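Notes for the one structure printed next.
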Amino acid sequence: MIDEQQVAHAGEQLAALREQMRRRIVGHHDLVDGILAGLLAGGHVLLEGVPGLGKTLLVRTLGDALHLRFARIQFTPDLMPADIIGTQVVMHDDDGRRHFQFQPGPVFTQLLLADEINRATPKTQSALLEAMEEKTVTVGHTGHALEEPFMVLATQNPIEMEGTYPLPEAQLDRFLLKLDARYPDADELSAIVDRMTGAAPPQVTPVLDAGELLKMRALVREVVIAGHVKDFAIRIVLATHAANPAAPSLTRRFARHGASPRGLLGIVLAAKVMALFAGRINVSFEDIKAVTAAALRHRILLNFEGEAEGVRAEDLIEQIVRETPVTAGR
Amino acid sequence: MSTPARARGDWIAPGQARPAREQLAQVVAALARSKWRQHGADCACTALFAWLICASVAMLAMRLGLLAASPAIVLPGLLAACLLAAAAAALARRPDALQVAITADLALNLKQRLSTAWEFHDRGADDALAELLAAQAVRARLPARSRALLVFPLRVNVFGMLAPVAAIALLLVSVVDLRQVTEPAPTMVDESVVSEGVRLREYGQRMEGRARREELPRSTGAAQQLQRLGARMQSASLSRGEALSHLRDLDQELDAARRAALGEGAHTPIGPLQINTVDGSPTPGAPDPRALLQRLLDGQLGQGEARALGSDPGALARSGVSRDALDEALDSFSQGDQSRLRDILEQMARSEQAREEARELGAAREQVSRARQSLGGAPGAEAAADAASSAGARGAGEDAGDGLDGEHGGDDGAAAAAGGAPGNARGDSSRLQAARRAPREVDTGAVLQARGQPGEGGVFQSHARVLPRAGTIGSDTVAMDARFAPQLEAVLSKEHVPAHHKAFIRRYFLTLSESGRSQEREP
């Protein structure tokens, strides 16, 4: 059972991890918290932003701050599934006999950076599906388990859509959170220049290993969520469906498909991490509100009218969160 | 080990001796009581406001006599009913402890620590997690009893704020003397109304006598109406405005009756000009068709008397009887066949009766118009004009043209107003000029069946009252030379002119008269 000492210790470790990441990453506090929430919740995170905002650096820094094996795959149109999950190769044994032996691909790691994931073909993108959901890879008739903790951090570029393959909804739904990288302001740009063009680039020290990370994941799941807070999250997810009578006006007008139950799980798990960040053992309404956009923005599909009018999923979510009442009962 | 001090007893400090769950229960209970008090205050304010409103209405009803009850019974009864309703509403919507905790969480920014701890505590689970959550909530400096009122303060809701207004309303309803509002002020006797009532009633009596004597049913009814209205005016039961309103209505009824009489008596349905055929003056010394008819029925009519019918061409024209038909009837009469002459006499008698009806009704309208003028109301244009028409028909031979004028003048209110006294419709040329400039309503005539001459068959004719240069023709007709009209009518009655052609002949001469006057003015 969760206890106060565990919560306090987890808080210290998370503070240290944040500190290490902030040595190299300027700004992007919400991105750092989002990635940590995905990591501690046991999910995967999709980062979206224009090139040069430090998405890849952020993931690399996370790998450096953790005692985890890190791998990076640069997705290109000619990338094949076997290039990701590995393949069977013919080997000669000591007796000269030949046999097939599985050569693991780069997915056999603990922290996988799938850079520009939307540049690969859907076939290659779907090769990650089993790995992300089941934490296993099947080649031939043999399944190969991935080592825990396993996390995929994918990046994609919202512009230059020529020659890209937007992720299908089933693939998007596998990502616990989708985080948007915003452009840094002037102060942050100044700090970036100072930090990255100096003689000694900032060094990051690993502060957390796999065992501690798994303990922390278990601790996250012990964070308590009260019934009325859970109902609040449920009301939010239900309100993303246009057919729901309680849906706000924007949703009824522009939403084609609402969030899946996996979206609700993402909200609650990420909110529990947020509660742990705050040193609480219970989830609050604010925790739910803080992670709703990241957990639902890639799970709400707009209809044609919404696409034509330039409506964003974030607009719908903002209205939903604003208008969903915080009362007891559903 | 010392117990941590509490800050003035307002907040539950961490580390108190009592278990965290017990402290949590106390705090939630205190919050619930505060919420109860707030809820009760809201209900009380609402009940007070409702009672004041209901009491005001009830008091007003009692003072107006609409509710036969004593305030000493009704007002306490209403108060009890409102209090009972408020108590029922308070019980039905009693605050839930979890909702109270959620509200306190939001009000005190406790991040749902209190509501979560209460939910786990309320489940009755005696586990460590509930204790842990309660301890976490206690550490978040929960509000103690004295602070619970800050979360749910006693307040006066919007109904409570409106209660003084309702109280003032109740006070006013109870104190103000309502007799000034409910009882109408005593009316002053209007001598003008009374005197006009006397005059109208007396005239109605005389008119009824004449109408009964002459067997004029419409005039009889109109005379009775005049008497009734006159009696009401005489009794001072009508104000001046009401009297004017009734006079206007009666004037319209008389006009309608007169037009109906004219329609019955007209055998030349030529719209406005038909009046000329009905209201035309009799030739001096001409025999009375009704007397002749009676003598015929009595078998006392002689050949000479019958031949005298031809001496009044106007009467023949008004009745739609041609000279040839009369001659043939006289020939038949001389040969012993009375039927054709009897038909002609009956036809002429009906025409004469209609003329009498129209004359009586026109005279009655004249009286009504005079009464309206006396009371300060503008008489209807048609009334004055038609009154002029009637007076002209009853007056000297030169007034025969006024009948024609009167009908046109009736379409022109200004002309009628200018006429003022009967028979004076064409008196003042400046007023007539003003009347000529006044806008006039364009009206279309009815589709009538022209009876025509015997043997000509039925002729259908639609006559529109829109005459050339609408807006000026009314006054021009008024100004028409009165001496010209009877000559025209006499010629038309003597000549064998089909009835439906007579209208165009009249219009032609009217146009000549108009163009002649225009030429006179232009040089």
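Letters for chains follow the order of the structure tokens (A, B, ...), residue numbers begin at 1 for each chain, and ligand numbers begin at 1 in the order shown.
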Would you kindly report the residues of chain A within 12 Å of chain B, using only C-alpha atoms, as a PDB file with all heavy atoms, in the first residue's frame?
```pdb
ATOM      1  N   MET A   1       0.825  -1.194   0.000  1.00  0.00           N
ATOM      2  CA  MET A   1       0.000   0.000   0.000  1.00  0.00           C
ATOM      3  C   MET A   1       0.864   1.251   0.000  1.00  0.00           C
ATOM      4  O   MET A   1       1.963   1.256   0.551  1.00  0.00           O
ATOM      5  CB  MET A   1      -0.911   0.002   1.237  1.00  0.00           C
ATOM      6  CG  MET A   1      -2.007   1.025   1.162  1.00  0.00           C
ATOM      7  SD  MET A   1      -2.727   1.348   2.782  1.00  0.00           S
ATOM      8  CE  MET A   1      -1.470   2.359   3.522  1.00  0.00           C
ATOM      9  N   ILE A   2       0.358   2.228  -0.605  1.00  0.00           N
ATOM     10  CA  ILE A   2       1.098   3.480  -0.684  1.00  0.00           C
ATOM     11  C   ILE A   2       1.256   4.079   0.707  1.00  0.00           C
ATOM     12  O   ILE A   2       0.390   3.931   1.577  1.00  0.00           O
ATOM     13  CB  ILE A   2       0.359   4.465  -1.618  1.00  0.00           C
ATOM     14  CG1 ILE A   2       1.230   5.668  -1.931  1.00  0.00           C
ATOM     15  CG2 ILE A   2      -0.966   4.882  -1.009  1.00  0.00           C
ATOM     16  CD1 ILE A   2       0.641   6.536  -3.027  1.00  0.00           C
ATOM     17  N   ASP A   3       2.398   4.675   0.927  1.00  0.00           N
ATOM     18  CA  ASP A   3       2.572   5.384   2.191  1.00  0.00           C
ATOM     19  C   ASP A   3       3.275   6.705   1.929  1.00  0.00           C
ATOM     20  O   ASP A   3       3.748   6.988   0.817  1.00  0.00           O
ATOM     21  CB  ASP A   3       3.323   4.525   3.208  1.00  0.00           C
ATOM     22  CG  ASP A   3       4.702   4.126   2.722  1.00  0.00           C
ATOM     23  OD1 ASP A   3       5.360   4.969   2.073  1.00  0.00           O
ATOM     24  OD2 ASP A   3       5.115   2.984   2.961  1.00  0.00           O
ATOM     25  N   GLU A   4       3.293   7.488   2.934  1.00  0.00           N
ATOM     26  CA  GLU A   4       3.788   8.848   2.761  1.00  0.00           C
ATOM     27  C   GLU A   4       5.275   8.880   2.444  1.00  0.00           C
ATOM     28  O   GLU A   4       5.742   9.736   1.689  1.00  0.00           O
ATOM     29  CB  GLU A   4       3.487   9.660   4.014  1.00  0.00           C
ATOM     30  CG  GLU A   4       1.997   9.835   4.227  1.00  0.00           C
ATOM     31  CD  GLU A   4       1.694  10.523   5.541  1.00  0.00           C
ATOM     32  OE1 GLU A   4       2.642  10.810   6.285  1.00  0.00           O
ATOM     33  OE2 GLU A   4       0.508  10.756   5.808  1.00  0.00           O
ATOM     34  N   GLN A   5       6.025   7.918   3.022  1.00  0.00           N
ATOM     35  CA  GLN A   5       7.460   7.888   2.741  1.00  0.00           C
ATOM     36  C   GLN A   5       7.717   7.585   1.266  1.00  0.00           C
ATOM     37  O   GLN A   5       8.597   8.195   0.638  1.00  0.00           O
ATOM     38  CB  GLN A   5       8.169   6.840   3.604  1.00  0.00           C
ATOM     39  CG  GLN A   5       8.342   7.224   5.063  1.00  0.00           C
ATOM     40  CD  GLN A   5       7.051   7.092   5.840  1.00  0.00           C
ATOM     41  OE1 GLN A   5       6.119   6.399   5.418  1.00  0.00           O
ATOM     42  NE2 GLN A   5       6.984   7.779   6.982  1.00  0.00           N
ATOM     43  N   VAL A   7       5.775   8.215  -1.188  1.00  0.00           N
ATOM     44  CA  VAL A   7       5.395   9.389  -1.972  1.00  0.00           C
ATOM     45  C   VAL A   7       6.475  10.457  -1.880  1.00  0.00           C
ATOM     46  O   VAL A   7       6.864  11.072  -2.886  1.00  0.00           O
ATOM     47  CB  VAL A   7       4.043   9.946  -1.483  1.00  0.00           C
ATOM     48  CG1 VAL A   7       3.714  11.262  -2.171  1.00  0.00           C
ATOM     49  CG2 VAL A   7       2.944   8.930  -1.729  1.00  0.00           C
ATOM     50  N   GLU A 222      -0.975   3.199  -7.388  1.00  0.00           N
ATOM     51  CA  GLU A 222      -1.603   3.155  -6.065  1.00  0.00           C
ATOM     52  C   GLU A 222      -2.162   4.505  -5.637  1.00  0.00           C
ATOM     53  O   GLU A 222      -2.794   4.614  -4.574  1.00  0.00           O
ATOM     54  CB  GLU A 222      -0.587   2.665  -5.024  1.00  0.00           C
ATOM     55  CG  GLU A 222      -0.222   1.207  -5.205  1.00  0.00           C
ATOM     56  CD  GLU A 222       0.565   0.667  -4.026  1.00  0.00           C
ATOM     57  OE1 GLU A 222       0.381   1.205  -2.916  1.00  0.00           O
ATOM     58  OE2 GLU A 222       1.353  -0.255  -4.218  1.00  0.00           O
ATOM     59  N   VAL A 223      -1.911   5.508  -6.431  1.00  0.00           N
ATOM     60  CA  VAL A 223      -2.498   6.819  -6.098  1.00  0.00           C
ATOM     61  C   VAL A 223      -4.016   6.696  -6.165  1.00  0.00           C
ATOM     62  O   VAL A 223      -4.567   6.079  -7.076  1.00  0.00           O
ATOM     63  CB  VAL A 223      -1.971   7.899  -7.068  1.00  0.00           C
ATOM     64  CG1 VAL A 223      -2.733   9.205  -6.866  1.00  0.00           C
ATOM     65  CG2 VAL A 223      -0.486   8.119  -6.852  1.00  0.00           C
ATOM     66  N   VAL A 224      -4.664   7.305  -5.191  1.00  0.00           N
ATOM     67  CA  VAL A 224      -6.109   7.131  -5.029  1.00  0.00           C
ATOM     68  C   VAL A 224      -6.857   8.153  -5.891  1.00  0.00           C
ATOM     69  O   VAL A 224      -6.466   9.321  -5.965  1.00  0.00           O
ATOM     70  CB  VAL A 224      -6.488   7.322  -3.540  1.00  0.00           C
ATOM     71  CG1 VAL A 224      -8.004   7.310  -3.377  1.00  0.00           C
ATOM     72  CG2 VAL A 224      -5.833   6.259  -2.704  1.00  0.00           C
ATOM     73  N   ILE A 225      -7.907   7.668  -6.507  1.00  0.00           N
ATOM     74  CA  ILE A 225      -8.805   8.598  -7.205  1.00  0.00           C
ATOM     75  C   ILE A 225     -10.214   8.386  -6.655  1.00  0.00           C
ATOM     76  O   ILE A 225     -10.731   7.270  -6.641  1.00  0.00           O
ATOM     77  CB  ILE A 225      -8.756   8.416  -8.738  1.00  0.00           C
ATOM     78  CG1 ILE A 225      -9.729   9.396  -9.416  1.00  0.00           C
ATOM     79  CG2 ILE A 225      -9.048   6.987  -9.166  1.00  0.00           C
ATOM     80  CD1 ILE A 225      -9.530   9.499 -10.918  1.00  0.00           C
ATOM     81  N   ALA A 226     -10.799   9.452  -6.179  1.00  0.00           N
ATOM     82  CA  ALA A 226     -12.139   9.365  -5.577  1.00  0.00           C
ATOM     83  C   ALA A 226     -13.195   9.185  -6.665  1.00  0.00           C
ATOM     84  O   ALA A 226     -12.957   9.493  -7.836  1.00  0.00           O
ATOM     85  CB  ALA A 226     -12.423  10.631  -4.768  1.00  0.00           C
ATOM     86  N   GLY A 227     -14.332   8.718  -6.224  1.00  0.00           N
ATOM     87  CA  GLY A 227     -15.404   8.440  -7.191  1.00  0.00           C
ATOM     88  C   GLY A 227     -15.837   9.666  -7.960  1.00  0.00           C
ATOM     89  O   GLY A 227     -16.029   9.607  -9.185  1.00  0.00           O
ATOM     90  N   HIS A 228     -15.993  10.782  -7.263  1.00  0.00           N
ATOM     91  CA  HIS A 228     -16.481  11.964  -7.978  1.00  0.00           C
ATOM     92  C   HIS A 228     -15.434  12.521  -8.920  1.00  0.00           C
ATOM     93  O   HIS A 228     -15.761  13.119  -9.944  1.00  0.00           O
ATOM     94  CB  HIS A 228     -16.950  13.027  -6.986  1.00  0.00           C
ATOM     95  CG  HIS A 228     -15.919  13.436  -5.990  1.00  0.00           C
ATOM     96  ND1 HIS A 228     -15.628  12.715  -4.863  1.00  0.00           N
ATOM     97  CD2 HIS A 228     -15.088  14.509  -5.964  1.00  0.00           C
ATOM     98  CE1 HIS A 228     -14.693  13.329  -4.163  1.00  0.00           C
ATOM     99  NE2 HIS A 228     -14.346  14.417  -4.812  1.00  0.00           N
ATOM    100  N   VAL A 229     -14.127  12.305  -8.601  1.00  0.00           N
ATOM    101  CA  VAL A 229     -13.078  12.749  -9.523  1.00  0.00           C
ATOM    102  C   VAL A 229     -13.058  11.829 -10.751  1.00  0.00           C
ATOM    103  O   VAL A 229     -12.894  12.298 -11.889  1.00  0.00           O
ATOM    104  CB  VAL A 229     -11.717  12.759  -8.806  1.00  0.00           C
ATOM    105  CG1 VAL A 229     -10.624  13.247  -9.749  1.00  0.00           C
ATOM    106  CG2 VAL A 229     -11.772  13.627  -7.563  1.00  0.00           C
ATOM    107  N   LYS A 230     -13.240  10.557 -10.494  1.00  0.00           N
ATOM    108  CA  LYS A 230     -13.302   9.616 -11.614  1.00  0.00           C
ATOM    109  C   LYS A 230     -14.512   9.936 -12.500  1.00  0.00           C
ATOM    110  O   LYS A 230     -14.418   9.896 -13.732  1.00  0.00           O
ATOM    111  CB  LYS A 230     -13.408   8.198 -11.053  1.00  0.00           C
ATOM    112  CG  LYS A 230     -13.296   7.107 -12.096  1.00  0.00           C
ATOM    113  CD  LYS A 230     -13.037   5.766 -11.428  1.00  0.00           C
ATOM    114  CE  LYS A 230     -14.137   5.448 -10.431  1.00  0.00           C
ATOM    115  NZ  LYS A 230     -13.893   4.212  -9.683  1.00  0.00           N
ATOM    116  N   MET A 274       0.515  13.209 -12.098  1.00  0.00           N
ATOM    117  CA  MET A 274       0.508  14.618 -11.704  1.00  0.00           C
ATOM    118  C   MET A 274       0.288  14.768 -10.202  1.00  0.00           C
ATOM    119  O   MET A 274       0.883  15.643  -9.562  1.00  0.00           O
ATOM    120  CB  MET A 274      -0.597  15.362 -12.469  1.00  0.00           C
ATOM    121  CG  MET A 274      -0.318  15.525 -13.941  1.00  0.00           C
ATOM    122  SD  MET A 274       1.160  16.517 -14.191  1.00  0.00           S
ATOM    123  CE  MET A 274       1.531  16.134 -15.893  1.00  0.00           C
ATOM    124  N   ALA A 275      -0.577  13.922  -9.648  1.00  0.00           N
ATOM    125  CA  ALA A 275      -0.787  13.972  -8.201  1.00  0.00           C
ATOM    126  C   ALA A 275       0.495  13.616  -7.466  1.00  0.00           C
ATOM    127  O   ALA A 275       0.841  14.234  -6.444  1.00  0.00           O
ATOM    128  CB  ALA A 275      -1.914  13.014  -7.823  1.00  0.00           C
ATOM    129  N   ALA A 278       2.795  16.401  -7.299  1.00  0.00           N
ATOM    130  CA  ALA A 278       2.403  17.386  -6.299  1.00  0.00           C
ATOM    131  C   ALA A 278       2.531  16.854  -4.876  1.00  0.00           C
ATOM    132  O   ALA A 278       2.208  17.578  -3.922  1.00  0.00           O
ATOM    133  CB  ALA A 278       0.954  17.822  -6.555  1.00  0.00           C
ATOM    134  N   GLY A 279       2.976  15.606  -4.730  1.00  0.00           N
ATOM    135  CA  GLY A 279       3.141  15.045  -3.393  1.00  0.00           C
ATOM    136  C   GLY A 279       1.832  14.632  -2.763  1.00  0.00           C
ATOM    137  O   GLY A 279       1.738  14.479  -1.548  1.00  0.00           O
ATOM    138  N   ARG A 280       0.801  14.426  -3.544  1.00  0.00           N
ATOM    139  CA  ARG A 280      -0.483  13.990  -3.022  1.00  0.00           C
ATOM    140  C   ARG A 280      -0.693  12.521  -3.316  1.00  0.00           C
ATOM    141  O   ARG A 280      -0.097  11.981  -4.269  1.00  0.00           O
ATOM    142  CB  ARG A 280      -1.614  14.803  -3.673  1.00  0.00           C
ATOM    143  CG  ARG A 280      -1.936  16.085  -2.981  1.00  0.00           C
ATOM    144  CD  ARG A 280      -3.092  16.807  -3.658  1.00  0.00           C
ATOM    145  NE  ARG A 280      -2.636  17.493  -4.866  1.00  0.00           N
ATOM    146  CZ  ARG A 280      -2.971  17.155  -6.082  1.00  0.00           C
ATOM    147  NH1 ARG A 280      -3.766  16.111  -6.270  1.00  0.00           N
ATOM    148  NH2 ARG A 280      -2.525  17.817  -7.124  1.00  0.00           N
ATOM    149  N   ILE A 281      -1.538  11.906  -2.550  1.00  0.00           N
ATOM    150  CA  ILE A 281      -1.878  10.518  -2.823  1.00  0.00           C
ATOM    151  C   ILE A 281      -3.297  10.418  -3.366  1.00  0.00           C
ATOM    152  O   ILE A 281      -3.870   9.336  -3.425  1.00  0.00           O
ATOM    153  CB  ILE A 281      -1.736   9.643  -1.556  1.00  0.00           C
ATOM    154  CG1 ILE A 281      -2.640  10.192  -0.437  1.00  0.00           C
ATOM    155  CG2 ILE A 281      -0.299   9.570  -1.114  1.00  0.00           C
ATOM    156  CD1 ILE A 281      -2.647   9.282   0.783  1.00  0.00           C
ATOM    157  N   ASN A 282      -3.835  11.523  -3.732  1.00  0.00           N
ATOM    158  CA  ASN A 282      -5.168  11.514  -4.352  1.00  0.00           C
ATOM    159  C   ASN A 282      -5.149  12.412  -5.581  1.00  0.00           C
ATOM    160  O   ASN A 282      -4.388  13.385  -5.646  1.00  0.00           O
ATOM    161  CB  ASN A 282      -6.227  12.010  -3.374  1.00  0.00           C
ATOM    162  CG  ASN A 282      -6.100  13.482  -3.089  1.00  0.00           C
ATOM    163  OD1 ASN A 282      -5.139  13.896  -2.438  1.00  0.00           O
ATOM    164  ND2 ASN A 282      -7.032  14.275  -3.581  1.00  0.00           N
ATOM    165  N   VAL A 283      -5.980  12.039  -6.507  1.00  0.00           N
ATOM    166  CA  VAL A 283      -6.093  12.808  -7.748  1.00  0.00           C
ATOM    167  C   VAL A 283      -7.104  13.933  -7.548  1.00  0.00           C
ATOM    168  O   VAL A 283      -8.150  13.724  -6.930  1.00  0.00           O
ATOM    169  CB  VAL A 283      -6.544  11.891  -8.904  1.00  0.00           C
ATOM    170  CG1 VAL A 283      -6.711  12.697 -10.191  1.00  0.00           C
ATOM    171  CG2 VAL A 283      -5.536  10.776  -9.120  1.00  0.00           C
ATOM    172  N   SER A 284      -6.768  15.076  -8.074  1.00  0.00           N
ATOM    173  CA  SER A 284      -7.683  16.222  -7.955  1.00  0.00           C
ATOM    174  C   SER A 284      -8.274  16.559  -9.325  1.00  0.00           C
ATOM    175  O   SER A 284      -7.834  16.054 -10.361  1.00  0.00           O
ATOM    176  CB  SER A 284      -6.937  17.439  -7.403  1.00  0.00           C
ATOM    177  OG  SER A 284      -6.028  17.916  -8.363  1.00  0.00           O
ATOM    178  N   PHE A 285      -9.276  17.445  -9.283  1.00  0.00           N
ATOM    179  CA  PHE A 285      -9.848  17.903 -10.552  1.00  0.00           C
ATOM    180  C   PHE A 285      -8.788  18.598 -11.404  1.00  0.00           C
ATOM    181  O   PHE A 285      -8.781  18.468 -12.627  1.00  0.00           O
ATOM    182  CB  PHE A 285     -10.998  18.878 -10.282  1.00  0.00           C
ATOM    183  CG  PHE A 285     -12.199  18.238  -9.643  1.00  0.00           C
ATOM    184  CD1 PHE A 285     -12.819  18.821  -8.548  1.00  0.00           C
ATOM    185  CD2 PHE A 285     -12.727  17.061 -10.132  1.00  0.00           C
ATOM    186  CE1 PHE A 285     -13.938  18.249  -7.966  1.00  0.00           C
ATOM    187  CE2 PHE A 285     -13.845  16.474  -9.552  1.00  0.00           C
ATOM    188  CZ  PHE A 285     -14.443  17.071  -8.455  1.00  0.00           C
ATOM    189  N   GLU A 286      -7.910  19.317 -10.743  1.00  0.00           N
ATOM    190  CA  GLU A 286      -6.880  20.033 -11.495  1.00  0.00           C
ATOM    191  C   GLU A 286      -5.939  19.067 -12.201  1.00  0.00           C
ATOM    192  O   GLU A 286      -5.474  19.353 -13.318  1.00  0.00           O
ATOM    193  CB  GLU A 286      -6.080  20.943 -10.554  1.00  0.00           C
ATOM    194  CG  GLU A 286      -6.782  22.215 -10.149  1.00  0.00           C
ATOM    195  CD  GLU A 286      -7.899  21.963  -9.149  1.00  0.00           C
ATOM    196  OE1 GLU A 286      -7.935  20.848  -8.571  1.00  0.00           O
ATOM    197  OE2 GLU A 286      -8.752  22.850  -8.965  1.00  0.00           O
ATOM    198  N   ASP A 287      -5.651  17.942 -11.563  1.00  0.00           N
ATOM    199  CA  ASP A 287      -4.803  16.944 -12.225  1.00  0.00           C
ATOM    200  C   ASP A 287      -5.476  16.437 -13.502  1.00  0.00           C
ATOM    201  O   ASP A 287      -4.831  16.288 -14.546  1.00  0.00           O
ATOM    202  CB  ASP A 287      -4.548  15.759 -11.287  1.00  0.00           C
ATOM    203  CG  ASP A 287      -3.796  16.175 -10.039  1.00  0.00           C
ATOM    204  OD1 ASP A 287      -3.019  17.145 -10.112  1.00  0.00           O
ATOM    205  OD2 ASP A 287      -3.999  15.537  -8.987  1.00  0.00           O
ATOM    206  N   ILE A 288      -6.767  16.190 -13.392  1.00  0.00           N
ATOM    207  CA  ILE A 288      -7.501  15.711 -14.569  1.00  0.00           C
ATOM    208  C   ILE A 288      -7.457  16.762 -15.675  1.00  0.00           C
ATOM    209  O   ILE A 288      -7.180  16.461 -16.840  1.00  0.00           O
ATOM    210  CB  ILE A 288      -8.970  15.412 -14.190  1.00  0.00           C
ATOM    211  CG1 ILE A 288      -9.042  14.307 -13.130  1.00  0.00           C
ATOM    212  CG2 ILE A 288      -9.783  15.041 -15.423  1.00  0.00           C
ATOM    213  CD1 ILE A 288      -8.740  12.931 -13.620  1.00  0.00           C
ATOM    214  N   PRO A 325     -19.357  19.864 -15.278  1.00  0.00           N
ATOM    215  CA  PRO A 325     -19.529  20.231 -13.861  1.00  0.00           C
ATOM    216  C   PRO A 325     -18.723  19.318 -12.936  1.00  0.00           C
ATOM    217  O   PRO A 325     -18.478  18.147 -13.259  1.00  0.00           O
ATOM    218  CB  PRO A 325     -21.024  20.051 -13.635  1.00  0.00           C
ATOM    219  CG  PRO A 325     -21.438  19.038 -14.638  1.00  0.00           C
ATOM    220  CD  PRO A 325     -20.553  19.213 -15.826  1.00  0.00           C
ATOM    221  N   VAL A 326     -18.323  19.881 -11.811  1.00  0.00           N
ATOM    222  CA  VAL A 326     -17.588  19.098 -10.805  1.00  0.00           C
ATOM    223  C   VAL A 326     -18.551  18.825  -9.658  1.00  0.00           C
ATOM    224  O   VAL A 326     -18.563  19.518  -8.656  1.00  0.00           O
ATOM    225  CB  VAL A 326     -16.317  19.838 -10.319  1.00  0.00           C
ATOM    226  CG1 VAL A 326     -15.245  19.789 -11.351  1.00  0.00           C
ATOM    227  CG2 VAL A 326     -16.632  21.283  -9.974  1.00  0.00           C
ATOM    228  N   THR A 327     -19.349  17.833  -9.821  1.00  0.00           N
ATOM    229  CA  THR A 327     -20.314  17.483  -8.774  1.00  0.00           C
ATOM    230  C   THR A 327     -20.207  15.997  -8.487  1.00  0.00           C
ATOM    231  O   THR A 327     -19.573  15.250  -9.230  1.00  0.00           O
ATOM    232  CB  THR A 327     -21.749  17.791  -9.227  1.00  0.00           C
ATOM    233  OG1 THR A 327     -21.972  17.099 -10.459  1.00  0.00           O
ATOM    234  CG2 THR A 327     -21.955  19.262  -9.412  1.00  0.00           C
ATOM    235  N   ALA A 328     -20.849  15.608  -7.409  1.00  0.00           N
ATOM    236  CA  ALA A 328     -20.873  14.192  -7.070  1.00  0.00           C
ATOM    237  C   ALA A 328     -21.871  13.489  -7.970  1.00  0.00           C
ATOM    238  O   ALA A 328     -22.920  14.028  -8.296  1.00  0.00           O
ATOM    239  CB  ALA A 328     -21.266  14.023  -5.615  1.00  0.00           C
ATOM    240  N   GLY A 329     -21.528  12.292  -8.377  1.00  0.00           N
ATOM    241  CA  GLY A 329     -22.413  11.537  -9.247  1.00  0.00           C
ATOM    242  C   GLY A 329     -22.249  11.915 -10.688  1.00  0.00           C
ATOM    243  O   GLY A 329     -21.653  12.934 -11.025  1.00  0.00           O
TER     244      GLY A 329
END
```
Shell around segment 79-85 of chain A at 9 Å using only C-alpha atoms, local window under 4 positions removed, as a VMD selection string = chain A and resid 73 to 75 103 to 108 120 to 121 123 to 128 131 137 to 139
Show which residues sit within 12 Å of segment 204-206 of chain B, as a VMD selection string. Count only C-alpha atoms, and ignore same-chain residues fewer than 5 positions away.
-> chain B and resid 196 to 199 211 to 213 219 to 231 360 to 361 363 to 365 367 to 368
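For the pair atom CA of Phe70 of chain A and atom CA of Pro149 of chain A, the separation is 11.3 Å.
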Just give me the gap between atom CA of His257 of chain A and atom CA of Ile300 of chain A in Å, one decimal is fine.
-> 5.8 Å
Output as a PyMOL selection string all residues of segment 75-135 of chain A that backbone DSSP marks as helix (DSSP H, G or I).
-> chain A and resi 82-85+117-119+122-134
Mind checking which residues fall within 12 Å of Ile192 of chain A, counting only C-alpha atoms, ignoring those fewer than 4 positions away in the same chain, and posting them as an NGL selection string?
-> :A and (22-28 or 52-54 or 184-188 or 196-198 or 201-202)
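Of note, atom CA of Ala16 of chain A and atom CA of Val204 of chain A are spaced 11.1 Å apart.
Those residues that approach Ala270 of chain A to within 7 Å, counting only C-alpha atoms, are Ala37, Gly38, Ala41, Gly266, Ile267, Val273, Met274 and Val291 of chain A; same-chain residues fewer than 3 positions away are not listed.
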Using only C-alpha atoms, the residue out of B:Ala47, B:Ser322, B:Arg93, B:Asn157 with shortest distance to Ala80 of chain B is B:Ala47
His141 of chain A proximity check over A:Leu238, A:Gly306, A:Tyr183, A:Gln88, using only C-alpha atoms: winner is A:Gln88
